[in-house]
>>> print(open('data-v2.txt').read())   # compact mmCIF, C-alpha atoms and all ligand atoms
# COMPACT_ATOMS: atom_id res chain seq x y z
CA MET X 26 243.43 108.77 -146.69
CA THR X 27 243.55 112.21 -145.07
CA GLN X 28 244.51 114.86 -147.57
CA THR X 29 247.26 117.33 -146.83
CA PRO X 30 246.11 120.73 -148.02
CA GLY X 31 248.68 123.08 -149.44
CA HIS X 32 250.40 124.25 -152.57
CA VAL X 33 253.89 122.95 -153.37
CA LEU X 34 256.13 124.79 -155.80
CA LEU X 35 258.54 122.55 -157.71
CA VAL X 36 261.70 124.41 -158.76
CA GLY X 37 263.22 122.73 -161.82
CA THR X 38 261.99 119.36 -163.04
CA GLY X 39 265.08 117.12 -162.89
CA ALA X 40 265.28 113.34 -163.15
CA TYR X 41 262.51 112.80 -160.60
CA TYR X 42 259.77 114.99 -162.08
CA ASP X 43 257.40 112.07 -162.76
CA ASN X 44 257.88 110.64 -159.26
CA VAL X 45 257.28 114.08 -157.69
CA ARG X 46 254.13 114.63 -159.75
CA ARG X 47 252.73 111.23 -158.78
CA ALA X 48 253.53 111.80 -155.09
CA LEU X 49 251.81 115.21 -155.16
CA GLN X 50 248.75 113.67 -156.78
CA ARG X 51 248.62 110.84 -154.24
CA LEU X 52 248.67 113.40 -151.44
CA GLY X 53 246.10 115.62 -153.12
CA VAL X 54 248.40 118.64 -152.86
CA ALA X 55 248.12 121.46 -155.40
CA SER X 56 251.35 122.14 -157.28
CA SER X 57 253.05 124.66 -159.54
CA VAL X 58 256.30 124.41 -161.48
CA ILE X 59 259.04 126.88 -162.41
CA CYS X 60 261.47 125.52 -164.97
CA VAL X 61 263.58 126.23 -168.05
CA PRO X 62 261.99 125.85 -171.51
CA SER X 63 263.88 122.63 -172.26
CA SER X 64 261.91 120.98 -169.42
CA LEU X 65 258.54 121.90 -170.86
CA ALA X 66 258.29 118.81 -173.04
CA ARG X 67 258.56 116.63 -169.94
CA LEU X 68 255.73 118.36 -168.10
CA ARG X 69 252.42 116.61 -168.19
CA PRO X 70 249.44 118.59 -169.41
CA GLN X 71 249.29 121.84 -167.53
CA ARG X 72 246.07 120.79 -165.81
CA ASP X 73 248.28 118.72 -163.48
CA HIS X 74 249.59 121.99 -162.04
CA GLN X 75 248.09 125.30 -160.90
CA PHE X 76 250.78 127.41 -162.59
CA VAL X 77 253.67 126.57 -164.89
CA VAL X 78 256.29 129.29 -165.41
CA CYS X 79 258.88 128.51 -167.99
CA THR X 80 261.76 130.89 -168.74
CA PRO X 81 265.52 130.54 -169.14
CA ASP X 82 266.03 133.71 -167.07
CA LYS X 83 266.45 132.26 -163.60
CA GLU X 84 266.63 135.76 -162.08
CA ALA X 85 263.01 136.12 -163.18
CA TRP X 86 262.09 132.97 -161.25
CA ILE X 87 262.10 134.85 -157.93
CA ASP X 88 259.47 137.38 -159.08
CA ALA X 89 257.52 134.62 -160.82
CA ALA X 90 257.39 132.64 -157.58
CA ALA X 91 256.13 135.73 -155.74
CA GLU X 92 253.46 136.18 -158.40
CA ILE X 93 252.35 132.54 -158.04
CA ASP X 94 252.31 132.97 -154.27
CA ARG X 95 250.06 136.04 -154.55
CA SER X 96 247.57 134.06 -156.64
CA LEU X 97 247.61 130.91 -154.50
CA PRO X 98 249.81 130.95 -151.37
CA VAL X 99 252.72 128.52 -151.70
CA THR X 100 253.13 126.37 -148.58
CA GLY X 101 256.22 124.30 -149.46
CA LEU X 102 259.09 123.92 -151.93
CA VAL X 103 260.64 120.94 -153.69
CA CYS X 104 263.92 121.15 -155.60
CA LEU X 105 265.97 118.08 -156.51
CA VAL X 106 268.42 119.72 -158.95
CA ASP X 107 271.84 120.71 -157.54
CA SER X 108 272.32 123.72 -159.77
CA LEU X 109 268.93 125.16 -158.70
CA MET X 110 269.33 124.90 -154.92
CA VAL X 111 270.59 128.46 -154.61
CA HIS X 112 267.68 129.81 -156.68
CA THR X 113 265.29 127.83 -154.51
CA ALA X 114 266.88 129.33 -151.39
CA ARG X 115 266.28 132.82 -152.82
CA ILE X 116 262.67 131.96 -153.64
CA ALA X 117 262.21 130.66 -150.09
CA GLU X 118 263.64 133.90 -148.65
CA ARG X 119 261.31 135.99 -150.78
CA LEU X 120 258.23 133.91 -149.92
CA GLY X 121 259.15 133.41 -146.26
CA LEU X 122 259.06 129.62 -146.60
CA PRO X 123 261.16 127.02 -144.80
CA TRP X 124 264.15 125.90 -146.90
CA HIS X 125 267.92 125.71 -146.60
CA PRO X 126 269.34 129.20 -146.03
CA LEU X 127 271.16 130.69 -149.04
CA GLU X 128 274.51 130.23 -147.31
CA VAL X 129 273.84 126.50 -146.75
CA ALA X 130 272.71 125.90 -150.34
CA ALA X 131 275.73 127.79 -151.72
CA THR X 132 278.22 126.02 -149.44
CA VAL X 133 276.97 122.51 -150.17
CA HIS X 134 276.83 123.16 -153.91
CA ASP X 135 280.46 124.31 -154.05
CA LYS X 136 282.87 121.46 -153.30
CA TYR X 137 285.65 123.83 -152.27
CA ARG X 138 283.45 125.91 -149.97
CA MET X 139 282.22 122.67 -148.43
CA ARG X 140 285.79 121.55 -147.63
CA ALA X 141 286.63 124.99 -146.17
CA ARG X 142 283.50 124.88 -143.99
CA LEU X 143 284.33 121.38 -142.72
CA GLN X 144 287.88 122.38 -141.92
CA ASP X 145 286.64 125.40 -139.92
CA ALA X 146 284.20 123.16 -138.05
CA GLY X 147 286.86 120.51 -137.30
CA VAL X 148 285.02 117.78 -139.22
CA ARG X 149 287.19 115.08 -140.87
CA SER X 150 287.92 116.09 -144.45
CA VAL X 151 290.95 116.29 -146.77
CA PRO X 152 293.23 119.20 -147.61
CA ALA X 153 291.91 121.15 -150.59
CA THR X 154 292.63 124.37 -152.42
CA GLN X 155 291.29 126.31 -155.39
CA VAL X 156 293.62 126.13 -158.41
CA GLU X 157 293.92 128.47 -161.36
CA SER X 158 297.06 127.13 -163.03
CA GLU X 159 299.13 123.99 -163.39
CA ASP X 160 301.71 125.61 -161.09
CA ASP X 161 299.00 125.85 -158.41
CA VAL X 162 298.26 122.12 -158.91
CA ARG X 163 301.94 121.15 -158.58
CA ALA X 164 302.49 123.36 -155.54
CA PHE X 165 299.46 121.83 -153.80
CA ALA X 166 300.57 118.25 -154.52
CA GLU X 167 304.07 119.00 -153.27
CA ARG X 168 302.53 120.25 -150.02
CA VAL X 169 300.04 117.37 -149.39
CA GLY X 170 301.62 114.52 -151.41
CA TRP X 171 300.48 112.54 -154.47
CA PRO X 172 298.01 111.27 -155.58
CA ILE X 173 295.58 114.19 -155.77
CA VAL X 174 292.26 114.85 -157.49
CA VAL X 175 291.61 117.93 -159.63
CA LYS X 176 287.95 118.74 -160.22
CA PRO X 177 285.49 121.53 -160.92
CA VAL X 178 284.09 123.10 -157.75
CA ARG X 179 280.57 122.83 -159.17
CA ALA X 180 279.78 120.04 -161.63
CA THR X 181 278.34 116.57 -161.73
CA GLY X 182 278.74 113.21 -163.46
CA SER X 183 282.52 113.21 -162.83
CA LEU X 184 282.91 115.70 -165.68
CA GLY X 185 286.36 117.27 -165.57
CA VAL X 186 287.41 115.15 -162.56
CA ALA X 187 290.94 113.69 -162.81
CA ARG X 188 293.19 111.68 -160.55
CA LEU X 189 296.84 112.73 -160.78
CA ASP X 190 299.50 110.31 -159.55
CA GLY X 191 302.56 112.48 -160.08
CA PRO X 192 304.01 115.60 -161.76
CA ASP X 193 303.82 113.96 -165.23
CA ASP X 194 300.01 113.94 -165.03
CA VAL X 195 299.65 117.69 -164.54
CA ALA X 196 300.15 118.95 -168.11
CA GLY X 197 296.83 119.83 -169.71
CA VAL X 198 294.66 118.77 -166.75
CA LEU X 199 292.79 122.09 -166.42
CA ASP X 200 292.33 122.48 -170.19
CA ARG X 201 290.95 118.97 -170.52
CA GLY X 202 288.68 119.56 -167.54
CA ALA X 203 287.36 122.79 -169.05
CA GLN X 204 286.62 120.98 -172.33
CA HIS X 205 284.54 118.41 -170.47
CA LEU X 206 282.71 121.19 -168.66
CA HIS X 207 281.76 122.69 -171.98
CA VAL X 208 279.45 119.66 -172.26
CA ALA X 209 277.76 120.57 -168.99
CA ALA X 210 277.93 124.35 -169.55
CA ALA X 211 279.34 124.84 -166.06
CA GLU X 212 281.90 127.55 -165.33
CA PRO X 213 285.48 126.24 -165.23
CA VAL X 214 286.54 126.91 -161.65
CA PHE X 215 288.77 124.14 -160.34
CA MET X 216 290.02 122.79 -157.05
CA ALA X 217 292.56 120.20 -156.01
CA GLU X 218 292.24 117.87 -153.05
CA ARG X 219 294.06 114.89 -151.63
CA PHE X 220 293.05 111.54 -153.15
CA MET X 221 291.50 109.25 -150.55
CA THR X 222 292.06 105.49 -150.67
CA GLY X 223 289.43 102.99 -149.55
CA PRO X 224 286.03 101.56 -150.48
CA GLN X 225 283.47 104.13 -151.58
CA PHE X 226 279.88 104.47 -150.47
CA SER X 227 276.95 106.78 -150.90
CA VAL X 228 274.45 107.47 -148.15
CA GLU X 229 270.84 108.59 -148.40
CA THR X 230 269.78 110.60 -145.37
CA MET X 231 266.62 112.42 -144.43
CA SER X 232 266.68 115.26 -141.90
CA GLU X 233 263.90 116.88 -139.91
CA ASP X 234 264.16 119.64 -137.28
CA GLY X 235 267.93 119.21 -137.29
CA ALA X 236 267.82 115.43 -136.65
CA HIS X 237 269.33 113.15 -139.30
CA HIS X 238 268.33 109.61 -140.24
CA VAL X 239 270.34 107.26 -142.49
CA VAL X 240 267.88 105.65 -144.90
CA ALA X 241 270.30 103.61 -147.01
CA LEU X 242 274.00 102.89 -147.37
CA THR X 243 275.10 102.01 -150.90
CA LYS X 244 278.39 100.56 -152.12
CA LYS X 245 279.54 102.29 -155.26
CA TYR X 246 281.85 100.98 -157.96
CA SER X 247 283.75 103.36 -160.24
CA ASP X 248 285.71 103.10 -163.46
CA PRO X 249 289.31 103.59 -162.27
CA GLY X 250 290.31 105.69 -165.29
CA THR X 251 287.42 108.11 -165.62
CA LEU X 252 286.14 107.83 -162.02
CA VAL X 253 282.65 107.49 -163.50
CA GLU X 254 280.32 105.35 -161.38
CA VAL X 255 279.56 102.02 -163.07
CA GLY X 256 277.60 100.21 -160.36
CA HIS X 257 275.76 100.58 -157.07
CA SER X 258 274.52 97.96 -154.61
CA LEU X 259 272.50 98.23 -151.41
CA PRO X 260 271.82 97.94 -148.56
CA VAL X 261 275.30 97.65 -147.08
CA VAL X 262 274.79 96.32 -143.57
CA LEU X 263 277.61 97.43 -141.26
CA PRO X 264 278.71 95.91 -137.96
CA ASP X 265 277.36 98.03 -135.07
CA VAL X 266 280.65 99.80 -134.32
CA GLU X 267 281.03 100.96 -137.92
CA ARG X 268 277.37 101.88 -138.22
CA VAL X 269 277.61 104.10 -135.14
CA SER X 270 280.82 105.68 -136.48
CA LEU X 271 279.13 106.40 -139.83
CA GLU X 272 276.04 107.90 -138.21
CA ALA X 273 278.17 110.06 -135.93
CA TYR X 274 280.23 111.31 -138.88
CA LEU X 275 277.14 112.14 -140.96
CA THR X 276 275.60 114.02 -138.04
CA GLU X 277 278.81 116.06 -137.62
CA LEU X 278 278.99 116.68 -141.36
CA LEU X 279 275.37 117.74 -141.86
CA ASP X 280 275.37 119.86 -138.69
CA ALA X 281 278.55 121.62 -139.85
CA LEU X 282 277.02 122.30 -143.26
CA GLY X 283 273.84 123.62 -141.60
CA VAL X 284 271.43 121.02 -143.02
CA ARG X 285 268.33 120.79 -140.82
CA PHE X 286 265.73 119.18 -143.06
CA GLY X 287 265.26 117.39 -146.36
CA PRO X 288 267.12 114.69 -148.25
CA THR X 289 270.89 114.55 -148.64
CA CYS X 290 273.05 112.16 -150.58
CA THR X 291 276.63 111.97 -149.42
CA GLU X 292 279.47 110.22 -151.19
CA LEU X 293 282.31 109.07 -148.99
CA VAL X 294 285.46 107.00 -148.88
CA TRP X 295 286.02 104.72 -145.90
CA THR X 296 289.67 105.63 -145.30
CA ASP X 297 291.97 104.29 -142.57
CA ASP X 298 290.83 107.30 -140.51
CA GLY X 299 287.14 106.41 -140.99
CA PRO X 300 284.40 107.63 -143.32
CA THR X 301 285.43 110.84 -145.11
CA VAL X 302 283.22 112.87 -147.41
CA ILE X 303 283.77 113.27 -151.16
CA GLU X 304 280.70 115.43 -151.65
CA SER X 305 277.22 115.89 -150.29
CA GLN X 306 274.13 117.19 -152.10
CA LEU X 307 270.72 118.41 -150.92
CA ARG X 308 268.73 115.81 -152.85
CA VAL X 309 268.15 112.12 -153.43
CA SER X 310 270.95 110.24 -155.29
CA GLY X 311 270.67 109.80 -159.03
CA ASP X 312 271.67 106.69 -161.01
CA GLU X 313 268.44 104.84 -160.16
CA ILE X 314 269.52 104.56 -156.51
CA GLN X 315 266.09 105.88 -155.53
CA SER X 316 264.45 102.91 -157.25
CA LEU X 317 266.96 100.47 -155.71
CA VAL X 318 266.06 101.88 -152.28
CA GLU X 319 262.37 101.41 -153.02
CA ARG X 320 262.90 97.87 -154.29
CA ALA X 321 265.11 96.78 -151.39
CA LEU X 322 263.81 98.78 -148.45
CA GLY X 323 260.27 99.59 -149.51
CA VAL X 324 260.95 103.30 -148.95
CA ASP X 325 259.91 105.76 -151.68
CA LEU X 326 262.33 108.61 -151.01
CA ILE X 327 260.63 111.02 -153.41
CA ASP X 328 257.32 110.41 -151.67
CA VAL X 329 259.06 111.17 -148.36
CA VAL X 330 260.48 114.43 -149.75
CA VAL X 331 257.09 115.52 -151.08
CA ARG X 332 255.33 114.64 -147.83
CA GLN X 333 257.81 116.74 -145.90
CA ALA X 334 257.35 119.67 -148.30
CA ALA X 335 253.60 119.30 -147.77
CA GLY X 336 254.13 119.77 -144.04
CA GLN X 337 254.08 116.17 -142.80
CA ARG X 338 256.56 114.74 -140.32
CA VAL X 339 258.50 111.94 -142.01
CA LEU X 340 261.28 110.82 -139.66
CA PRO X 341 259.14 108.72 -137.24
CA ALA X 342 257.89 106.44 -140.06
CA LEU X 343 261.40 106.15 -141.53
CA ARG X 344 262.80 105.17 -138.14
CA ASP X 345 260.11 102.49 -137.80
CA ALA X 346 260.56 101.17 -141.35
CA PRO X 347 260.86 97.35 -141.48
CA ALA X 348 264.19 95.68 -142.33
CA ALA X 349 265.25 95.35 -145.96
CA ARG X 350 263.20 92.80 -147.92
CA THR X 351 266.01 92.12 -150.42
CA ALA X 352 269.24 93.64 -151.70
CA ALA X 353 269.39 95.31 -155.10
CA ALA X 354 272.08 96.50 -157.50
CA ILE X 355 272.52 98.29 -160.80
CA TRP X 356 275.41 97.90 -163.25
CA TYR X 357 276.07 100.08 -166.30
CA ALA X 358 277.47 99.02 -169.68
CA ARG X 359 280.50 100.83 -171.09
CA PHE X 360 281.48 100.24 -174.70
CA PRO X 361 285.04 101.00 -175.80
CA ALA X 362 284.11 102.07 -179.35
CA GLY X 363 281.46 104.30 -180.86
CA GLY X 364 279.56 104.36 -184.15
CA ASP X 365 276.11 104.09 -185.71
CA VAL X 366 274.10 101.42 -183.90
CA LEU X 367 272.93 98.58 -186.18
CA ASP X 368 271.64 96.30 -183.45
CA VAL X 369 271.70 95.79 -179.69
CA LEU X 370 272.65 92.26 -178.66
CA GLY X 371 272.33 89.93 -175.72
CA THR X 372 269.29 91.48 -174.03
CA ASP X 373 267.50 88.14 -173.56
CA GLU X 374 270.69 86.46 -172.34
CA ALA X 375 271.21 89.29 -169.84
CA ARG X 376 267.60 89.02 -168.63
CA ALA X 377 268.14 85.28 -168.08
CA VAL X 378 270.83 85.83 -165.43
CA ASP X 379 269.66 84.71 -162.00
CA GLY X 380 268.19 87.62 -160.02
CA VAL X 381 268.08 90.08 -162.93
CA VAL X 382 264.83 92.07 -162.91
CA ASP X 383 265.47 94.74 -165.53
CA VAL X 384 267.74 95.36 -168.53
CA ARG X 385 267.49 98.67 -170.38
CA TRP X 386 269.22 100.33 -173.28
CA THR X 387 269.61 104.05 -173.90
CA VAL X 388 270.63 103.39 -177.52
CA GLU X 389 268.69 101.58 -180.25
CA PRO X 390 269.25 100.67 -183.90
CA GLY X 391 269.68 103.95 -185.78
CA SER X 392 271.05 105.94 -182.85
CA THR X 393 274.68 106.84 -182.25
CA LEU X 394 276.84 105.07 -179.68
CA ARG X 395 279.67 107.11 -178.19
CA ALA X 396 282.84 105.39 -176.98
CA PHE X 397 282.76 105.43 -173.17
CA GLU X 398 284.29 108.57 -171.76
CA HIS X 399 281.84 110.00 -169.25
CA TYR X 400 278.65 109.05 -167.45
CA GLY X 401 276.38 110.09 -170.35
CA ASP X 402 278.04 107.37 -172.46
CA ARG X 403 276.73 104.54 -170.30
CA SER X 404 274.46 102.91 -172.88
CA ALA X 405 272.65 100.19 -170.99
CA HIS X 406 272.11 98.95 -167.48
CA ALA X 407 270.92 95.88 -165.62
CA VAL X 408 269.20 95.73 -162.23
CA ALA X 409 269.36 92.60 -160.10
CA VAL X 410 268.14 91.47 -156.70
CA ALA X 411 269.64 88.93 -154.27
CA PRO X 412 269.65 88.37 -150.51
CA ASP X 413 273.06 90.10 -150.29
CA HIS X 414 274.04 93.36 -152.03
CA GLU X 415 277.34 92.03 -153.37
CA ASP X 416 275.60 89.05 -154.98
CA ALA X 417 273.08 91.43 -156.53
CA ALA X 418 275.98 93.49 -157.92
CA ARG X 419 277.60 90.34 -159.32
CA SER X 420 274.39 89.33 -161.12
CA ALA X 421 273.82 92.81 -162.57
CA ARG X 422 277.42 92.89 -163.77
CA THR X 423 277.18 89.41 -165.30
CA ALA X 424 274.05 90.51 -167.15
CA VAL X 425 275.81 93.60 -168.53
CA ASP X 426 278.77 91.44 -169.61
CA ARG X 427 276.34 89.54 -171.89
CA LEU X 428 275.34 92.69 -173.78
CA GLY X 429 276.85 93.84 -177.04
CA VAL X 430 276.26 96.38 -179.78
CA ALA X 431 276.70 95.95 -183.53
CA ILE X 432 277.91 99.25 -184.93
CA SER X 433 279.00 100.57 -188.27
CA VAL X 434 282.00 102.87 -188.08
CA ARG X 435 282.78 105.55 -190.63
CA PRO X 436 286.32 106.47 -191.68
CA GLN X 437 287.87 109.44 -189.93
CA THR X 438 287.69 112.66 -191.84
CA ALA X 439 291.10 112.52 -193.47
CA THR X 440 293.71 115.22 -192.98
CA TYR X 441 296.17 115.38 -195.89
CA VAL X 442 299.60 116.85 -195.65
N1 LIG B 1 289.33 113.19 -152.93
C1 LIG B 1 288.97 112.09 -153.58
N2 LIG B 1 289.51 110.89 -153.26
C2 LIG B 1 289.18 109.76 -153.91
N3 LIG B 1 288.32 109.72 -154.94
C3 LIG B 1 287.74 110.89 -155.31
C4 LIG B 1 288.02 112.12 -154.66
N4 LIG B 1 287.31 113.09 -155.26
C5 LIG B 1 286.61 112.50 -156.24
N5 LIG B 1 286.87 111.17 -156.28
C6 LIG B 1 286.32 110.19 -157.23
O1 LIG B 1 285.82 110.88 -158.37
C7 LIG B 1 284.41 110.70 -158.48
C8 LIG B 1 283.79 112.00 -158.96
O2 LIG B 1 284.08 113.03 -158.04
P1 LIG B 1 282.92 113.97 -157.50
O3 LIG B 1 281.85 113.14 -156.90
O4 LIG B 1 283.50 115.01 -156.65
O5 LIG B 1 282.42 114.61 -158.87
P2 LIG B 1 280.97 114.68 -159.49
O6 LIG B 1 281.13 115.41 -160.76
O7 LIG B 1 280.03 115.16 -158.46
O8 LIG B 1 280.64 113.18 -159.84
P3 LIG B 1 279.27 112.39 -159.69
O9 LIG B 1 278.16 113.28 -160.14
O10 LIG B 1 279.51 111.19 -160.55
O11 LIG B 1 279.15 112.05 -158.24
C9 LIG B 1 283.95 110.28 -157.10
O12 LIG B 1 282.77 109.53 -157.17
C10 LIG B 1 285.13 109.45 -156.63
O13 LIG B 1 285.10 108.16 -157.20
MG MG B 2 280.03 112.78 -156.91
>>> encode(input="data-v2.txt", output="structure tokens", more="lines below")
Ligand SMILES: Nc1ncnc2c1ncn2[C@@H]1O[C@H](COP(=O)(O)OP(=O)(O)OP(=O)(O)O)[C@@H](O)[C@H]1O
Ligand SMILES: [Mg+2]
Amino acid sequence: MTQTPGHVLLVGTGAYYDNVRRALQRLGVASSVICVPSSLARLRPQRDHQFVVCTPDKEAWIDAAAEIDRSLPVTGLVCLVDSLMVHTARIAERLGLPWHPLEVAATVHDKYRMRARLQDAGVRSVPATQVESEDDVRAFAERVGWPIVVKPVRATGSLGVARLDGPDDVAGVLDRGAQHLHVAAAEPVFMAERFMTGPQFSVETMSEDGAHHVVALTKKYSDPGTLVEVGHSLPVVLPDVERVSLEAYLTELLDALGVRFGPTCTELVWTDDGPTVIESQLRVSGDEIQSLVERALGVDLIDVVVRQAAGQRVLPALRDAPAARTAAAIWYARFPAGGDVLDVLGTDEARAVDGVVDVRWTVEPGSTLRAFEHYGDRSAHAVAVAPDHEDAARSARTAVDRLGVAISVRPQTATYV
């Protein structure tokens, strides 16, 4: 294998750190990492990297990157963490490296700025406004009609996102949202936008020199109350007319946002007017979608990202990739009650479901189960394969339905009057 020389700087570790590290090693590319101290435990021994800089002061990251660059010139950047895209853009500016311009990173990362940009560019979107009070929320809904969605402009995991069907739902919506955000330590700046009706999808794209390629289309399934994603299945194979319409929309969208290279994951609703964006991010999707893509399509998206950062062209091989070898799906377990976990049940029965290839728990005897409220409370998942993505989803869901948890519940701390 020809080795690609170079020195890639990874900004933030994120969910894909191990995949990135393996891809860098396969390519024989030198690497360094800048991250926060809480990521240090995940880093492999430092000998895997040239330099590791670890500080909570992200302002200091820019100088640290320049220092690394002086010692061993950095030739490419990888960042797969939404909240670090802007920092990465600043590092790229300082080092004179190709990356999304600051303006692009900041616009994509802010759901309100993204909507404003799309509106200016004439790309299909929904009416949206920033809201600071419940009066703002009511006034917006009266203008565009119910239902609406209220959500933080910058957050993830559906934290603080709420669907409001009428004026009775407004009371407390911003306070509850801010409480959820406390979990994610994001700043409580909220927006409202029109609720879109229709099936929801997420799309993995890879861009190069301003050209965009759709790698995978995924159907997503959400909990109607919390809007948290509970399942994903792929690949969705569209009739030609719809496929062309989707590709044209994504090209318009990514061009308007100024994306010219790298991965993007875009969530959208297929409304009566056609595909319409919920949000787009400058990374590969989370929720194991990357591994579903690899399983079904044989494409390792993280490897593609790392190759591009190392200076290789990646779009020709993606365009020539063979057809899907199977369909794959993941389904997450939600438990309505929480407590101390005594035992996890049904794992073997779940594994016995036709097509199921993996069943995993994130809780074990002795740990605490939280009643399902947000995405971090999904306590187990099943992955299944089948010739068709909907059958794969059905199998994964059937497997999850066979799971159970034995918990012991303590009495509430009593309040006496
Ligand atoms: N305008 C909308 N119309 C319909 N559904 C919406 C809208 N906005 C958000 N949703 C629903 O709420 C979910 C969460 O919203 P959004 O993706 O904006 O937040 P998030 O915090 O980034 O969530 P996640 O990280 O789970 O994607 C979406 O996946 C979708 O199901
Ligand atoms: Mg989302």
>>> residues_around(input="data-v2.txt", residues="region 268-279 of chain X", least_positions_apart="3", cutoff="7 Å", atoms="all atoms listed in the file", output="VMD selection string")
chain X and resid 148 237 263 to 265 282 to 284 300
>>> residues_near_ligand(input="data-v2.txt", ligand="ligand MG 2 (chain B)", cutoff="10 Å", atoms="only C-alpha atoms and all ligand atoms", output="list in words")
Lys136, Ala180, Thr181, Gly182, Ser183, Leu184, Val186, Ser227, Leu252, Val253, Glu254, Cys290, Thr291, Glu292, Leu293, Ile303, Glu304, Ser305, Gln306 and Ser310 of chain X
>>> closest_residue(input="data-v2.txt", among="X:Val324, X:Leu206, X:Ala85, X:Val103", to="ligand LIG 1 (chain B)", atoms="all atoms listed in the file")
X:Leu206
>>> closest_residue(input="data-v2.txt", among="X:Ile87, X:Leu199, X:Ala352, X:Cys104", to="Pro412 (chain X)", atoms="only C-alpha atoms")
X:Ala352
>>> closest_residue(input="data-v2.txt", among="X:His134, X:His238, X:His414, X:Arg332", to="ligand LIG 1 (chain B)", atoms="all atoms listed in the file")
X:His134
>>> residues_around(input="data-v2.txt", residues="region 312-320 of chain X", least_positions_apart="4", cutoff="8 Å", atoms="only C-alpha atoms", output="list in words")
Ala241, His257, Leu259, Pro260, Val324, Asp325, Leu326, Ile327, Thr351, Ala353, Ala354 and Ile355 of chain X
>>> atom_distance(input="data-v2.txt", atom1="CA of Val294 (chain X)", atom2="CA of Gly223 (chain X)")
5.7 Å
>>> atom_distance(input="data-v2.txt", atom1="CA of Arg168 (chain X)", atom2="CA of Val156 (chain X)")
13.6 Å
>>> residues_around(input="data-v2.txt", residues="Arg385 (chain X)", least_positions_apart="2", cutoff="12 Å", atoms="only C-alpha atoms", output="number ranges by chain")
X: 313, 355-358, 369-373, 375-376, 381-383, 387-389, 403-408, 421, 424-425, 428
>>> atom_distance(input="data-v2.txt", atom1="CA of Val228 (chain X)", atom2="CA of Val240 (chain X)")
7.6 Å
>>> closest_residue(input="data-v2.txt", among="X:Gln333, X:Ser57, X:Ser150, X:Thr440", to="ligand LIG 1 (chain B)", atoms="all atoms listed in the file")
X:Ser150
>>> residues_around(input="data-v2.txt", residues="Pro172 (chain X)", least_positions_apart="2", cutoff="6 Å", atoms="all atoms listed in the file", output="list in words")
Leu189, Asp190 and Phe220 of chain X
>>> closest_residue(input="data-v2.txt", among="X:Ala377, X:Ala164, X:Ala153, X:Val366", to="ligand LIG 1 (chain B)", atoms="all atoms listed in the file")
X:Ala153
>>> axis_aligned_box(input="data-v2.txt", around="region 400-418 of chain X", padding_each_side="4 Å", output="JSON")
{"center_x": 273.4, "center_y": 99.2, "center_z": -161.6, "size_x": 18.5, "size_y": 29.7, "size_z": 30.6}
>>> residues_near_point(input="data-v2.txt", point="(259.0, 126.0, -164.5)", cutoff="9 Å", atoms="only C-alpha atoms", output="PDB file with C-alpha atoms, in the coordinates of the input")
ATOM      1  CA  LEU X  35     258.540 122.550-157.710  1.00  0.00           C
ATOM      2  CA  VAL X  36     261.700 124.410-158.760  1.00  0.00           C
ATOM      3  CA  GLY X  37     263.220 122.730-161.820  1.00  0.00           C
ATOM      4  CA  THR X  38     261.990 119.360-163.040  1.00  0.00           C
ATOM      5  CA  SER X  57     253.050 124.660-159.540  1.00  0.00           C
ATOM      6  CA  VAL X  58     256.300 124.410-161.480  1.00  0.00           C
ATOM      7  CA  ILE X  59     259.040 126.880-162.410  1.00  0.00           C
ATOM      8  CA  CYS X  60     261.470 125.520-164.970  1.00  0.00           C
ATOM      9  CA  VAL X  61     263.580 126.230-168.050  1.00  0.00           C
ATOM     10  CA  PRO X  62     261.990 125.850-171.510  1.00  0.00           C
ATOM     11  CA  SER X  64     261.910 120.980-169.420  1.00  0.00           C
ATOM     12  CA  LEU X  65     258.540 121.900-170.860  1.00  0.00           C
ATOM     13  CA  PHE X  76     250.780 127.410-162.590  1.00  0.00           C
ATOM     14  CA  VAL X  77     253.670 126.570-164.890  1.00  0.00           C
ATOM     15  CA  VAL X  78     256.290 129.290-165.410  1.00  0.00           C
ATOM     16  CA  CYS X  79     258.880 128.510-167.990  1.00  0.00           C
ATOM     17  CA  THR X  80     261.760 130.890-168.740  1.00  0.00           C
ATOM     18  CA  TRP X  86     262.090 132.970-161.250  1.00  0.00           C
TER      19      TRP X  86
END
>>> closest_residue(input="data-v2.txt", among="X:Glu92, X:Asp248, X:Asp345, X:Asp73", to="ligand LIG 1 (chain B)", atoms="only C-alpha atoms and all ligand atoms")
X:Asp248
>>> residues_around(input="data-v2.txt", residues="Val331 (chain X)", least_positions_apart="6", cutoff="9 Å", atoms="all atoms listed in the file", output="list of chain:residue names")
X:Val33, X:Val45, X:Ala48, X:Leu49, X:Leu52, X:Gly101, X:Leu102, X:Val103, X:Gln337
>>> residues_near_point(input="data-v2.txt", point="(245.2, 118.7, -155.6)", cutoff="12 Å", atoms="only C-alpha atoms", output="ChimeraX atom specification")
/X:28-33,46-57,72-75,335
